[in-house]
Each structure stands twice: as C-alpha cells, then as structure tokens.
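**Q** Let me give you the structure first, and then I'll get to my questions.
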Amino acid sequence: MYFYGTTGVNGKGNLEIGGVDAVELTEQFGTPLYVYDVSLMRERARGFKKTFEEQNIKAQVAYASKAFSTIAMLQLAEEEGLSLDVVSGGELYTAIAAGFPAERIHFHGNNKSREELEMALDNKIGCIVVDNFYELDLLKTICQEKDEIICILLRVTPGIEAHTHDYILTGQEDSKFGFDLQNGQAEQALVSALRCKHFDVLGLHCHIGSQIFETTGFLLAAEKIVSKMNQWRNTLNFEAKVLNLGGGFGIRYTSEDEPLQPSQYVSEIIKEVNRLIQENSMTMPEIWIEPGRSLVGDAGTTLYRIGSSKEVPGVRKYLAVDGGMSDNIRPALYQAKYEAVLANRPLAENTNKVSIAGKCCESGDMLIWDLPLPETEEDDLLAVFCTGAYGYSMANNYNRIPRPAVVFVENGKATLVVKRETYEDLLRLDLPLK
C-alpha cells in the first residue's frame with residue numbers, strides 16, 4: 001500500500017492517520033467518516049509558499065476553497081498564511097464566518113449575482129476576478145452606486161488545453177469561463193475596465209484545467225499571456241501588476257498518477273515568467289497561483305463500514321459500504337479512480353478482487369472497480385484514500401442520506417470539525433403541504 005502523509009500501520013495492526021487509530025475514529029465518530037491529515041495539508045501549503053520565498057518572488061498562494069470549504073479548513077489556511085479563492089456567496093460567507101482576512105480573498109465565478117458582488121464589496125475583499133462582460137457592467141454599476149473602488153483581475157482563456165478530463169478542462173477557447181485572448185474579447189474587456197474609475201485593474205488570470213501532472217500547459221499559458229501583457233503595455237499603457245496562472249496541480253490517486261512536487265511546479269513557473277519578462281524588458285509582476293486539490297486531496301481518507309456482498313459467478317464480487325455517491329460522486333461524475341485497504345487489517349494478504357458498491361439506489365453508484373482485498377467480513381472497515389478534494393464539498397443528500405462527519409487529525413489528536421448530519425437536519429427546511 002502507498003502511505004500518504006502521516007498514514008501508517010500502528011502496533012495494533014490498524015491503519016493510523018495523524019497518530020490516531022482509524023478503527024478508534026470510527027468507534028468515536030461513526031461511518032462514513034472523512035478524516036483529514038492536518039500535517040500533510042500544512043506541508044503542502046508550505047511547499048507552495050517556500051519556493052516563492054526562497055527565490056524572493058512576490059506572490060500569493062490562494063487556497064481554492066471549492067475543493068473543501070469549512071470554517072476549520074479556512075482557519076487552517078489562514079494559519080499557513082495563504083490567500084483564499086472563493087467561487088460563490090456561500091464560500092465567501094464561510095470565509096467571513098471563519099474570520100479569514102478579507103483583503104486576501106479573491107472572488108471567482110462565471111455568474112456572480114448582484115447580491116454576491118455586493119457582499120464582496122461590503123466586506124472589502126481583496127480582489128474580484130471578472131469573468132465576462134455582463135459581470136463587468138454589473139460590477140461597474142454596483143461600484144458607482146456604492147462609490148467604491150475594487151481591485152479586479154480579468155479572467156482570460158489562453159487557448160491552452162491541459163491533459164485532463166474534458167469536464168474539468170477550462171482553459172481552451174471553447175469554455176464557459178473568461179474572456180478569449182485570441183479573438184479580441186480580452187482586449188475589449190481591458191479597455192472597458194481601464195476606463196472605469198471604480199476599478200483598479202491588477203492584471204490577468206487564467207486556469208487551464210485540473211489534475212495536471214506536468215508544467216508545459218502552465219508555461220505555454222504564461223507565454224501567451226505575457227505576450228499580450230507586453231502588447232497592451234505598448235498600445236494601452238497598461239502594465240499588469242499581477243499574473244495569476246490558476247491551479248490544477250495534480251495529486252496521486254492511484255499508481256497510474258505521477259504528479260510533481262509543489263516546488264517543481266512553482267520553480268518552473270517562476271523560471272518561465274522571469275524569462276519572458278526579461279525578454280520583453282518588463283517589470284516582474286506578482287505571481288498568484290490557486291492550489292486546491294493539491295493541498296487537501298491526498299490528505300483526506302474516507303472510512304466506510306462494509307455491509308452486504310454479492311457474487312456473480314464467473315463475473316465479479318460486489319462489496320457494499322455504508323456510503324457511496326452521496327459522499328463521493330467523483331467516480332460517477334468523472335470516472336475517478338481510487339485505492340483502498342481494510343482499515344482494521346491493512347497488511348493482510350490480498351486474496352480477492354472485489355468491486356466496491358455504494359448504498360444509493362443507483363446502478364452507477366460504484367466507488368472502486370476490481371479492488372484487491374483480503375477476505376472480508378461484515379463490519380470490516382474500508383479506508384478509501386485521497387478523498388479530501390471534492391468529496392465533502394460535492395456531498396449530497398440523494399436518497400435522503402445524511403452527509404458524514406469530518407474529523408481533523410494531528411499529532412495524535414482528533415478534532416471534530418463538521419458534525420454528522422441527522423435525519424432531523426434533512427427535514428429542517430421542509431414545510432408541510434398544509
């Protein structure tokens with residue numbers, strides 16, 4: 001098995017995370033249970049920041065909170081000196097409730113409402129990443145009404161395709177996000193923004209995709225954007241102070257994945273941007289990046305209890321767990337792959353090949369196909385690795401299944417950071433017919 005962060009096997013022969021026995025965690029907090037390795041999240045955050053600091057590059061590392069947004073997580077991000085990327089009023093509200101410094105919050109999204117933009121202005125957040133002409137006009141109107149000045153970035157699509165799943169590929173020309181860099185939209189938006197006295201246009205933003213294992217896409221995007229920055233410096237007298245190259249840095253889900261270390265991504269980005277800036281005799285902009293999955297993805301493990309089984313002779317054996325697409329929809333949505341072990345017997349010899357089924361009334365509710373496992377019994381515990389990103393944040397109540405609890409573990413201590421939903425919680429917003 002592959003050990004992530006502080007994960008290992010303790011003296012009892014049980015899986016251990018953050019110095020805490022996984023079996024004991026399920027006894028205390030129940031299943032399914034999201035468990036986060038805090039030390040690993042801190043290590044990743046510091047890994048992204050350290051390279052910028054060592055090379056004396058002015059930068060912001062913004063945690064892309066759509067990957068996993070809770071009060072405790074955002075407080076952890078603040079402890080590590082990160083900035084914050086939010087994409088909705090709900091994520092912004094969570095950030096404010098967590099006490100996150102507003103000046104380090106960046107607001108993304110392709111259809112921000114008036115109410116969301118007003119919330120951003122009222123809380124004096126650091127930057128709004130403007131996505132389209134509708135938003136540009138709406139934000140201008142709101143700023144005029146409030147007589148406010150707001151820092152903005154313009155999101156552009158540089159026409160770079162990252163090697164990833166089509167549904168999470170966002171930097172190509174045919175995208176719902178951003179102003180196109182090639183057809184004149186981005187320049188038109190920039191001219192309009194520069195004419196508005198209520199906008200402080202910091203620079204440009206792009207995001208080319210997710211789960212990216214190499215730096216080529218980031219470097220090509222930087223080349224296209226810096227070329228435009230140089231052109232606009234000469235034609236529009238606009239010198240960008242910020243170049244935001246987004247996120248999308250990959251993690252290891254299975255042995256098929258070979259991601260780079262945070263320092264490798266950052267070093268290559270700095271090297272290329274520095275080269276381009278020097279070639280064009282420009283002033284070095286502040287570099288912003290937005291890691292999300294790469295900060296929390298492999299720090300998360302979901303613990304399930306095994307229930308029923310079914311064998312189809314000559315075809316496969318199914319094992320059902322007490323969760324599924326209600327707490328991890330990624331296998332159904334993206335055909336995502338995971339690795340897993342028995343938390344109560346992680347070193348036992350794998351003698352079977354089984355497929356892990358969720359409990360939802362849906363044939364597509366399958367978590368893992370053809371997983372090597374030992375002989376299993378009812379109430380064995382299954383630990384599915386790398387569920388820290390887009391597990392809890394995409395969790396749902398399909399089949400009226402309550403969402404799991406979330407626990408942070410660090411230095412032998414477990415802290416409950418999200419309570420398990422109850423059946424009463426499911427009905428809290430329901431109203432009777434009469």
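Just so we're on the same page: first chain in the structure tokens is A, next is B, and so on; residues restart at 1 for each chain, and ligands are numbered from 1 in the order they show up.
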Which polymer residues have any atom within 7 Å of an atom of Asp365 in chain A, counting only C-alpha atoms, with same-chain residues fewer than 4 positions away left out, as a list in words?
**A**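 My reading of the contact set: Gly324, Met325, Ala332, Ala357, Gly358 and Cys360 of chain A.
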**Q** Output N, CA, C and O atoms for every residue in that selection, as an mmCIF file, in the first residue's frame.
**A**
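The resulting part_19.cif:
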```cif
data_model
loop_
_atom_site.group_PDB
_atom_site.id
_atom_site.type_symbol
_atom_site.label_atom_id
_atom_site.label_comp_id
_atom_site.auth_asym_id
_atom_site.auth_seq_id
_atom_site.Cartn_x
_atom_site.Cartn_y
_atom_site.Cartn_z
ATOM 1 N N GLY A 324 -21.206 6.131 -0.427
ATOM 2 C CA GLY A 324 -21.196 5.982 -1.877
ATOM 3 C C GLY A 324 -21.247 7.321 -2.569
ATOM 4 O O GLY A 324 -20.584 8.277 -2.157
ATOM 5 N N MET A 325 -22.082 7.424 -3.615
ATOM 6 C CA MET A 325 -22.115 8.650 -4.400
ATOM 7 C C MET A 325 -22.704 9.833 -3.633
ATOM 8 O O MET A 325 -22.580 10.978 -4.076
ATOM 9 N N ALA A 332 -18.745 8.474 -10.223
ATOM 10 C CA ALA A 332 -19.890 8.502 -11.137
ATOM 11 C C ALA A 332 -19.797 9.670 -12.116
ATOM 12 O O ALA A 332 -20.171 9.552 -13.282
ATOM 13 N N ALA A 357 -19.335 -1.180 -4.006
ATOM 14 C CA ALA A 357 -20.601 -0.544 -4.369
ATOM 15 C C ALA A 357 -21.071 0.374 -3.256
ATOM 16 O O ALA A 357 -20.909 0.068 -2.074
ATOM 17 N N GLY A 358 -21.666 1.500 -3.639
ATOM 18 C CA GLY A 358 -22.289 2.381 -2.666
ATOM 19 C C GLY A 358 -23.687 1.900 -2.341
ATOM 20 O O GLY A 358 -24.202 0.947 -2.944
ATOM 21 N N CYS A 360 -26.485 3.813 -2.492
ATOM 22 C CA CYS A 360 -27.563 4.554 -3.151
ATOM 23 C C CYS A 360 -28.315 3.655 -4.132
ATOM 24 O O CYS A 360 -27.748 2.729 -4.714
#
```
**Q** If you run DSSP on this backbone, which residues of range 236-410 of chain A come out as helix (DSSP H, G or I), and could you give them as an mmCIF file with N, CA, C and O atoms, in the first residue's frame?
**A**
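Output (selection.cif):
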```cif
data_model
loop_
_atom_site.group_PDB
_atom_site.id
_atom_site.type_symbol
_atom_site.label_atom_id
_atom_site.label_comp_id
_atom_site.auth_asym_id
_atom_site.auth_seq_id
_atom_site.Cartn_x
_atom_site.Cartn_y
_atom_site.Cartn_z
ATOM 1 N N PRO A 262 5.117 20.280 -5.199
ATOM 2 C CA PRO A 262 4.757 21.698 -5.296
ATOM 3 C C PRO A 262 5.925 22.580 -5.725
ATOM 4 O O PRO A 262 5.772 23.479 -6.555
ATOM 5 N N SER A 263 7.099 22.316 -5.183
ATOM 6 C CA SER A 263 8.266 23.139 -5.510
ATOM 7 C C SER A 263 8.627 23.060 -6.985
ATOM 8 O O SER A 263 9.134 24.028 -7.574
ATOM 9 N N GLN A 264 8.390 21.889 -7.621
ATOM 10 C CA GLN A 264 8.703 21.734 -9.043
ATOM 11 C C GLN A 264 7.777 22.579 -9.911
ATOM 12 O O GLN A 264 8.221 23.229 -10.865
ATOM 13 N N TYR A 265 6.479 22.531 -9.595
ATOM 14 C CA TYR A 265 5.533 23.372 -10.340
ATOM 15 C C TYR A 265 5.934 24.845 -10.232
ATOM 16 O O TYR A 265 6.018 25.567 -11.229
ATOM 17 N N VAL A 266 6.165 25.278 -8.987
ATOM 18 C CA VAL A 266 6.442 26.693 -8.742
ATOM 19 C C VAL A 266 7.757 27.126 -9.383
ATOM 20 O O VAL A 266 7.842 28.189 -10.008
ATOM 21 N N SER A 267 8.798 26.304 -9.248
ATOM 22 C CA SER A 267 10.102 26.658 -9.809
ATOM 23 C C SER A 267 10.030 26.853 -11.315
ATOM 24 O O SER A 267 10.606 27.809 -11.859
ATOM 25 N N GLU A 268 9.335 25.941 -12.005
ATOM 26 C CA GLU A 268 9.234 26.035 -13.462
ATOM 27 C C GLU A 268 8.429 27.274 -13.877
ATOM 28 O O GLU A 268 8.760 27.940 -14.863
ATOM 29 N N ILE A 269 7.369 27.568 -13.137
ATOM 30 C CA ILE A 269 6.558 28.757 -13.439
ATOM 31 C C ILE A 269 7.383 30.026 -13.261
ATOM 32 O O ILE A 269 7.390 30.910 -14.127
ATOM 33 N N ILE A 270 8.096 30.116 -12.142
ATOM 34 C CA ILE A 270 8.925 31.301 -11.888
ATOM 35 C C ILE A 270 9.978 31.468 -12.976
ATOM 36 O O ILE A 270 10.186 32.565 -13.513
ATOM 37 N N LYS A 271 10.639 30.381 -13.319
ATOM 38 C CA LYS A 271 11.707 30.421 -14.321
ATOM 39 C C LYS A 271 11.186 30.943 -15.654
ATOM 40 O O LYS A 271 11.809 31.796 -16.293
ATOM 41 N N GLU A 272 10.023 30.428 -16.086
ATOM 42 C CA GLU A 272 9.485 30.817 -17.386
ATOM 43 C C GLU A 272 8.985 32.259 -17.380
ATOM 44 O O GLU A 272 9.244 33.014 -18.321
ATOM 45 N N VAL A 273 8.261 32.640 -16.330
ATOM 46 C CA VAL A 273 7.757 34.013 -16.266
ATOM 47 C C VAL A 273 8.928 34.995 -16.228
ATOM 48 O O VAL A 273 8.924 36.018 -16.918
ATOM 49 N N ASN A 274 9.942 34.664 -15.454
ATOM 50 C CA ASN A 274 11.116 35.533 -15.363
ATOM 51 C C ASN A 274 11.796 35.672 -16.727
ATOM 52 O O ASN A 274 12.209 36.781 -17.133
ATOM 53 N N ARG A 275 11.900 34.572 -17.462
ATOM 54 C CA ARG A 275 12.499 34.610 -18.796
ATOM 55 C C ARG A 275 11.696 35.515 -19.735
ATOM 56 O O ARG A 275 12.263 36.361 -20.446
ATOM 57 N N LEU A 276 10.384 35.338 -19.729
ATOM 58 C CA LEU A 276 9.523 36.122 -20.609
ATOM 59 C C LEU A 276 9.563 37.607 -20.265
ATOM 60 O O LEU A 276 9.589 38.464 -21.159
ATOM 61 N N ILE A 277 9.570 37.898 -18.981
ATOM 62 C CA ILE A 277 9.598 39.301 -18.538
ATOM 63 C C ILE A 277 10.908 39.963 -18.956
ATOM 64 O O ILE A 277 10.926 41.104 -19.450
ATOM 65 N N GLN A 278 12.026 39.264 -18.785
ATOM 66 C CA GLN A 278 13.317 39.830 -19.156
ATOM 67 C C GLN A 278 13.423 40.033 -20.662
ATOM 68 O O GLN A 278 13.954 41.047 -21.128
ATOM 69 N N GLU A 279 12.922 39.061 -21.440
ATOM 70 C CA GLU A 279 12.966 39.168 -22.897
ATOM 71 C C GLU A 279 12.227 40.406 -23.396
ATOM 72 O O GLU A 279 12.616 41.007 -24.402
ATOM 73 N N ARG A 293 -7.053 21.083 -4.871
ATOM 74 C CA ARG A 293 -6.903 19.637 -4.735
ATOM 75 C C ARG A 293 -5.514 19.263 -4.197
ATOM 76 O O ARG A 293 -5.373 18.373 -3.360
ATOM 77 N N SER A 294 -4.479 19.951 -4.699
ATOM 78 C CA SER A 294 -3.115 19.594 -4.328
ATOM 79 C C SER A 294 -2.791 19.919 -2.877
ATOM 80 O O SER A 294 -1.779 19.454 -2.341
ATOM 81 N N LEU A 295 -3.622 20.719 -2.213
ATOM 82 C CA LEU A 295 -3.443 20.985 -0.784
ATOM 83 C C LEU A 295 -4.181 19.993 0.092
ATOM 84 O O LEU A 295 -3.717 19.636 1.174
ATOM 85 N N VAL A 296 -5.351 19.543 -0.366
ATOM 86 C CA VAL A 296 -6.208 18.751 0.528
ATOM 87 C C VAL A 296 -6.551 17.354 0.002
ATOM 88 O O VAL A 296 -7.026 16.515 0.766
ATOM 89 N N GLY A 297 -6.324 17.104 -1.290
ATOM 90 C CA GLY A 297 -6.809 15.867 -1.897
ATOM 91 C C GLY A 297 -6.294 14.607 -1.246
ATOM 92 O O GLY A 297 -7.069 13.770 -0.751
ATOM 93 N N ASP A 298 -4.974 14.441 -1.212
ATOM 94 C CA ASP A 298 -4.447 13.195 -0.649
ATOM 95 C C ASP A 298 -4.282 13.262 0.866
ATOM 96 O O ASP A 298 -3.816 12.307 1.490
ATOM 97 N N ALA A 299 -4.699 14.378 1.473
ATOM 98 C CA ALA A 299 -4.743 14.464 2.937
ATOM 99 C C ALA A 299 -6.034 13.880 3.495
ATOM 100 O O ALA A 299 -6.159 13.690 4.705
ATOM 101 N N ARG A 330 -17.470 11.630 -7.376
ATOM 102 C CA ARG A 330 -16.475 11.720 -8.438
ATOM 103 C C ARG A 330 -16.375 10.466 -9.315
ATOM 104 O O ARG A 330 -16.207 10.587 -10.535
ATOM 105 N N PRO A 331 -16.448 9.244 -8.765
ATOM 106 C CA PRO A 331 -16.406 8.080 -9.653
ATOM 107 C C PRO A 331 -17.552 8.065 -10.662
ATOM 108 O O PRO A 331 -17.354 7.712 -11.828
ATOM 109 N N ALA A 332 -18.745 8.474 -10.223
ATOM 110 C CA ALA A 332 -19.890 8.502 -11.137
ATOM 111 C C ALA A 332 -19.797 9.670 -12.116
ATOM 112 O O ALA A 332 -20.171 9.552 -13.282
ATOM 113 N N LEU A 333 -19.263 10.794 -11.661
ATOM 114 C CA LEU A 333 -19.228 12.008 -12.475
ATOM 115 C C LEU A 333 -18.033 12.050 -13.421
ATOM 116 O O LEU A 333 -18.161 12.453 -14.578
ATOM 117 N N TYR A 334 -16.866 11.647 -12.909
ATOM 118 C CA TYR A 334 -15.628 11.768 -13.669
ATOM 119 C C TYR A 334 -14.950 10.432 -13.976
ATOM 120 O O TYR A 334 -13.843 10.418 -14.494
ATOM 121 N N TYR A 392 -16.348 15.939 0.412
ATOM 122 C CA TYR A 392 -17.310 16.667 1.243
ATOM 123 C C TYR A 392 -17.949 17.820 0.480
ATOM 124 O O TYR A 392 -19.157 18.056 0.590
ATOM 125 N N SER A 393 -17.170 18.547 -0.327
ATOM 126 C CA SER A 393 -17.716 19.736 -0.987
ATOM 127 C C SER A 393 -18.774 19.392 -2.024
ATOM 128 O O SER A 393 -19.621 20.230 -2.349
ATOM 129 N N MET A 394 -18.763 18.163 -2.558
ATOM 130 C CA MET A 394 -19.783 17.750 -3.526
ATOM 131 C C MET A 394 -20.764 16.745 -2.922
ATOM 132 O O MET A 394 -21.585 16.165 -3.638
ATOM 133 N N TYR A 398 -28.772 12.652 -1.677
ATOM 134 C CA TYR A 398 -29.508 11.724 -2.533
ATOM 135 C C TYR A 398 -29.977 10.529 -1.712
ATOM 136 O O TYR A 398 -29.259 10.018 -0.864
ATOM 137 N N ASN A 399 -31.190 10.087 -1.963
ATOM 138 C CA ASN A 399 -31.839 9.028 -1.181
ATOM 139 C C ASN A 399 -32.046 9.433 0.281
ATOM 140 O O ASN A 399 -32.204 8.588 1.161
ATOM 141 N N ARG A 400 -32.002 10.746 0.544
ATOM 142 C CA ARG A 400 -32.152 11.267 1.917
ATOM 143 C C ARG A 400 -31.102 10.648 2.847
ATOM 144 O O ARG A 400 -31.394 10.269 3.999
#
```
**Q** Which distance in Å separates CA of Cys151 in chain A and CA of Leu117 in chain A, to one decimal?
**A**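 According to the coordinates, CA of Cys151 in chain A and CA of Leu117 in chain A are separated by 12.6 Å.
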**Q** Restricting the calculation to only C-alpha atoms, which member of A:Asp174, A:Glu256, A:Asp322, A:Asp147 is positioned closest to Arg403 in chain A?
**A**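 Ranked by minimum distance to Arg403 in chain A, first place goes to A:Asp322.
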**Q** Quote the spacing between CA of Trp369 in chain A and CA of Val418 in chain A in Å to one decimal place.
**A**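 Separation of CA of Trp369 in chain A and CA of Val418 in chain A: 29.4 Å.
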**Q** Find the spatial neighbours of range 181-190 of chain A, counting only C-alpha atoms, within a cut-off of 6 Å - ignore same-chain residues fewer than 3 positions away - and output them as a VMD selection string.
**A** chain A and resid 156 to 158 193
**Q** Just all heavy atoms for this one: save the residues we selected as a short mmCIF file (atom, residue, chain, number, x, y, z; two decimals), in the first residue's frame.
**A**
```
data_model
loop_
_atom_site.label_atom_id
_atom_site.label_comp_id
_atom_site.auth_asym_id
_atom_site.auth_seq_id
_atom_site.Cartn_x
_atom_site.Cartn_y
_atom_site.Cartn_z
N VAL A 156 -8.93 35.30 -18.43
CA VAL A 156 -8.81 35.09 -19.87
C VAL A 156 -8.64 33.60 -20.16
O VAL A 156 -8.14 32.84 -19.32
CB VAL A 156 -7.62 35.88 -20.46
CG1 VAL A 156 -7.80 37.36 -20.23
CG2 VAL A 156 -6.29 35.40 -19.90
N THR A 157 -9.07 33.21 -21.36
CA THR A 157 -8.83 31.84 -21.82
C THR A 157 -7.74 31.89 -22.87
O THR A 157 -7.94 32.45 -23.96
CB THR A 157 -10.11 31.21 -22.41
OG1 THR A 157 -10.66 32.10 -23.39
CG2 THR A 157 -11.14 31.00 -21.33
N PRO A 158 -6.56 31.35 -22.55
CA PRO A 158 -5.41 31.48 -23.45
C PRO A 158 -5.38 30.48 -24.60
O PRO A 158 -4.49 30.51 -25.42
CB PRO A 158 -4.21 31.27 -22.51
CG PRO A 158 -4.74 30.36 -21.45
CD PRO A 158 -6.19 30.73 -21.26
N ALA A 193 -12.54 48.16 -18.71
CA ALA A 193 -12.20 48.20 -17.29
C ALA A 193 -11.29 49.38 -16.96
O ALA A 193 -11.45 50.04 -15.92
CB ALA A 193 -11.55 46.88 -16.88
#
```
**Q** Counting only C-alpha atoms, which residue out of A:Lys58, A:Ile289, A:Lys124, A:Ser113 sits closest to Lys146 in chain A?
**A**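 Ranked by minimum distance to Lys146 in chain A, first place goes to A:Lys124.
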**Q** To one decimal place, how far is CA of Ile149 in chain A from CA of Phe133 in chain A in Å?
**A** 18.2 Å
**Q** Which of these residues is nearest to Asn14 in chain A, using only C-alpha atoms: A:Asp370, A:Phe100, A:Thr26, A:Met119?
**A**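 The closest residue to Asn14 in chain A is A:Thr26.
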**Q** Residues within 7 Å of Leu15 in chain A, please, as a VMD selection string. Count only C-alpha atoms; anything in the same chain fewer than 3 positions from it doesn't count.
**A** chain A and resid 8 to 10 21 to 22 343 to 344 346
**Q** Within 9 Å of Glu290 in chain A, counting only C-alpha atoms, which residues show up once you throw out same-chain ones fewer than 6 positions away? Write them as a PyMOL selection string, please.
**A** chain A and resi 60-64+83-85+207+244-249
**Q** Output C-alpha atoms for every residue in the selection just made, as a PDB file, in the first residue's frame.
**A**
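What ended up in part.pdb:
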```
ATOM      1  CA  GLN A  60       0.166  34.952  -3.332  1.00  0.00           C
ATOM      2  CA  VAL A  61      -0.719  31.290  -2.888  1.00  0.00           C
ATOM      3  CA  ALA A  62      -4.518  31.221  -2.697  1.00  0.00           C
ATOM      4  CA  TYR A  63      -6.265  28.093  -1.471  1.00  0.00           C
ATOM      5  CA  ALA A  64      -9.009  27.207  -3.951  1.00  0.00           C
ATOM      6  CA  SER A  83      -4.825  33.727   0.451  1.00  0.00           C
ATOM      7  CA  LEU A  84      -8.263  32.376  -0.438  1.00  0.00           C
ATOM      8  CA  ASP A  85     -10.157  31.736  -3.649  1.00  0.00           C
ATOM      9  CA  HIS A 207      -6.957  28.456 -15.278  1.00  0.00           C
ATOM     10  CA  ASN A 244      -2.450  34.663 -11.886  1.00  0.00           C
ATOM     11  CA  LEU A 245      -1.837  31.267 -13.503  1.00  0.00           C
ATOM     12  CA  GLY A 246      -4.550  29.473 -11.533  1.00  0.00           C
ATOM     13  CA  GLY A 247      -4.302  25.967 -10.134  1.00  0.00           C
ATOM     14  CA  GLY A 248      -4.923  22.442 -11.327  1.00  0.00           C
ATOM     15  CA  PHE A 249      -1.786  20.842  -9.890  1.00  0.00           C
TER      16      PHE A 249
END
```
**Q** Please return, as number ranges by chain, all residues of range 253-339 of chain A that DSSP assigns to strand (DSSP E or B) on the basis of the backbone.
**A** A: 286-289, 300-312, 316-321
**Q** With only C-alpha atoms as the atoms that count, which of A:Ala222, A:Glu311, A:Glu115, A:Lys359 lies nearest to Gly323 in chain A?
**A** A:Lys359
**Q** Counting only C-alpha atoms, which of A:Gly109, A:Thr302, A:Asn352, A:Gly13 gets nearest to Lys176 in chain A?
**A** A:Gly109
**Q** Tell me which protein, DNA and RNA residues are within 10 Å of Leu371 in chain A, counting only C-alpha atoms, leaving out same-chain ones fewer than 5 positions away, and put them as a ChimeraX atom specification.
**A** /A:338-341,350,352-356
**Q** Using only C-alpha atoms, which of A:Lys50, A:Lys317, A:Arg155, A:Lys241 sits nearest Cys206 in chain A?
**A**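 Nearest to Cys206 in chain A: A:Arg155.
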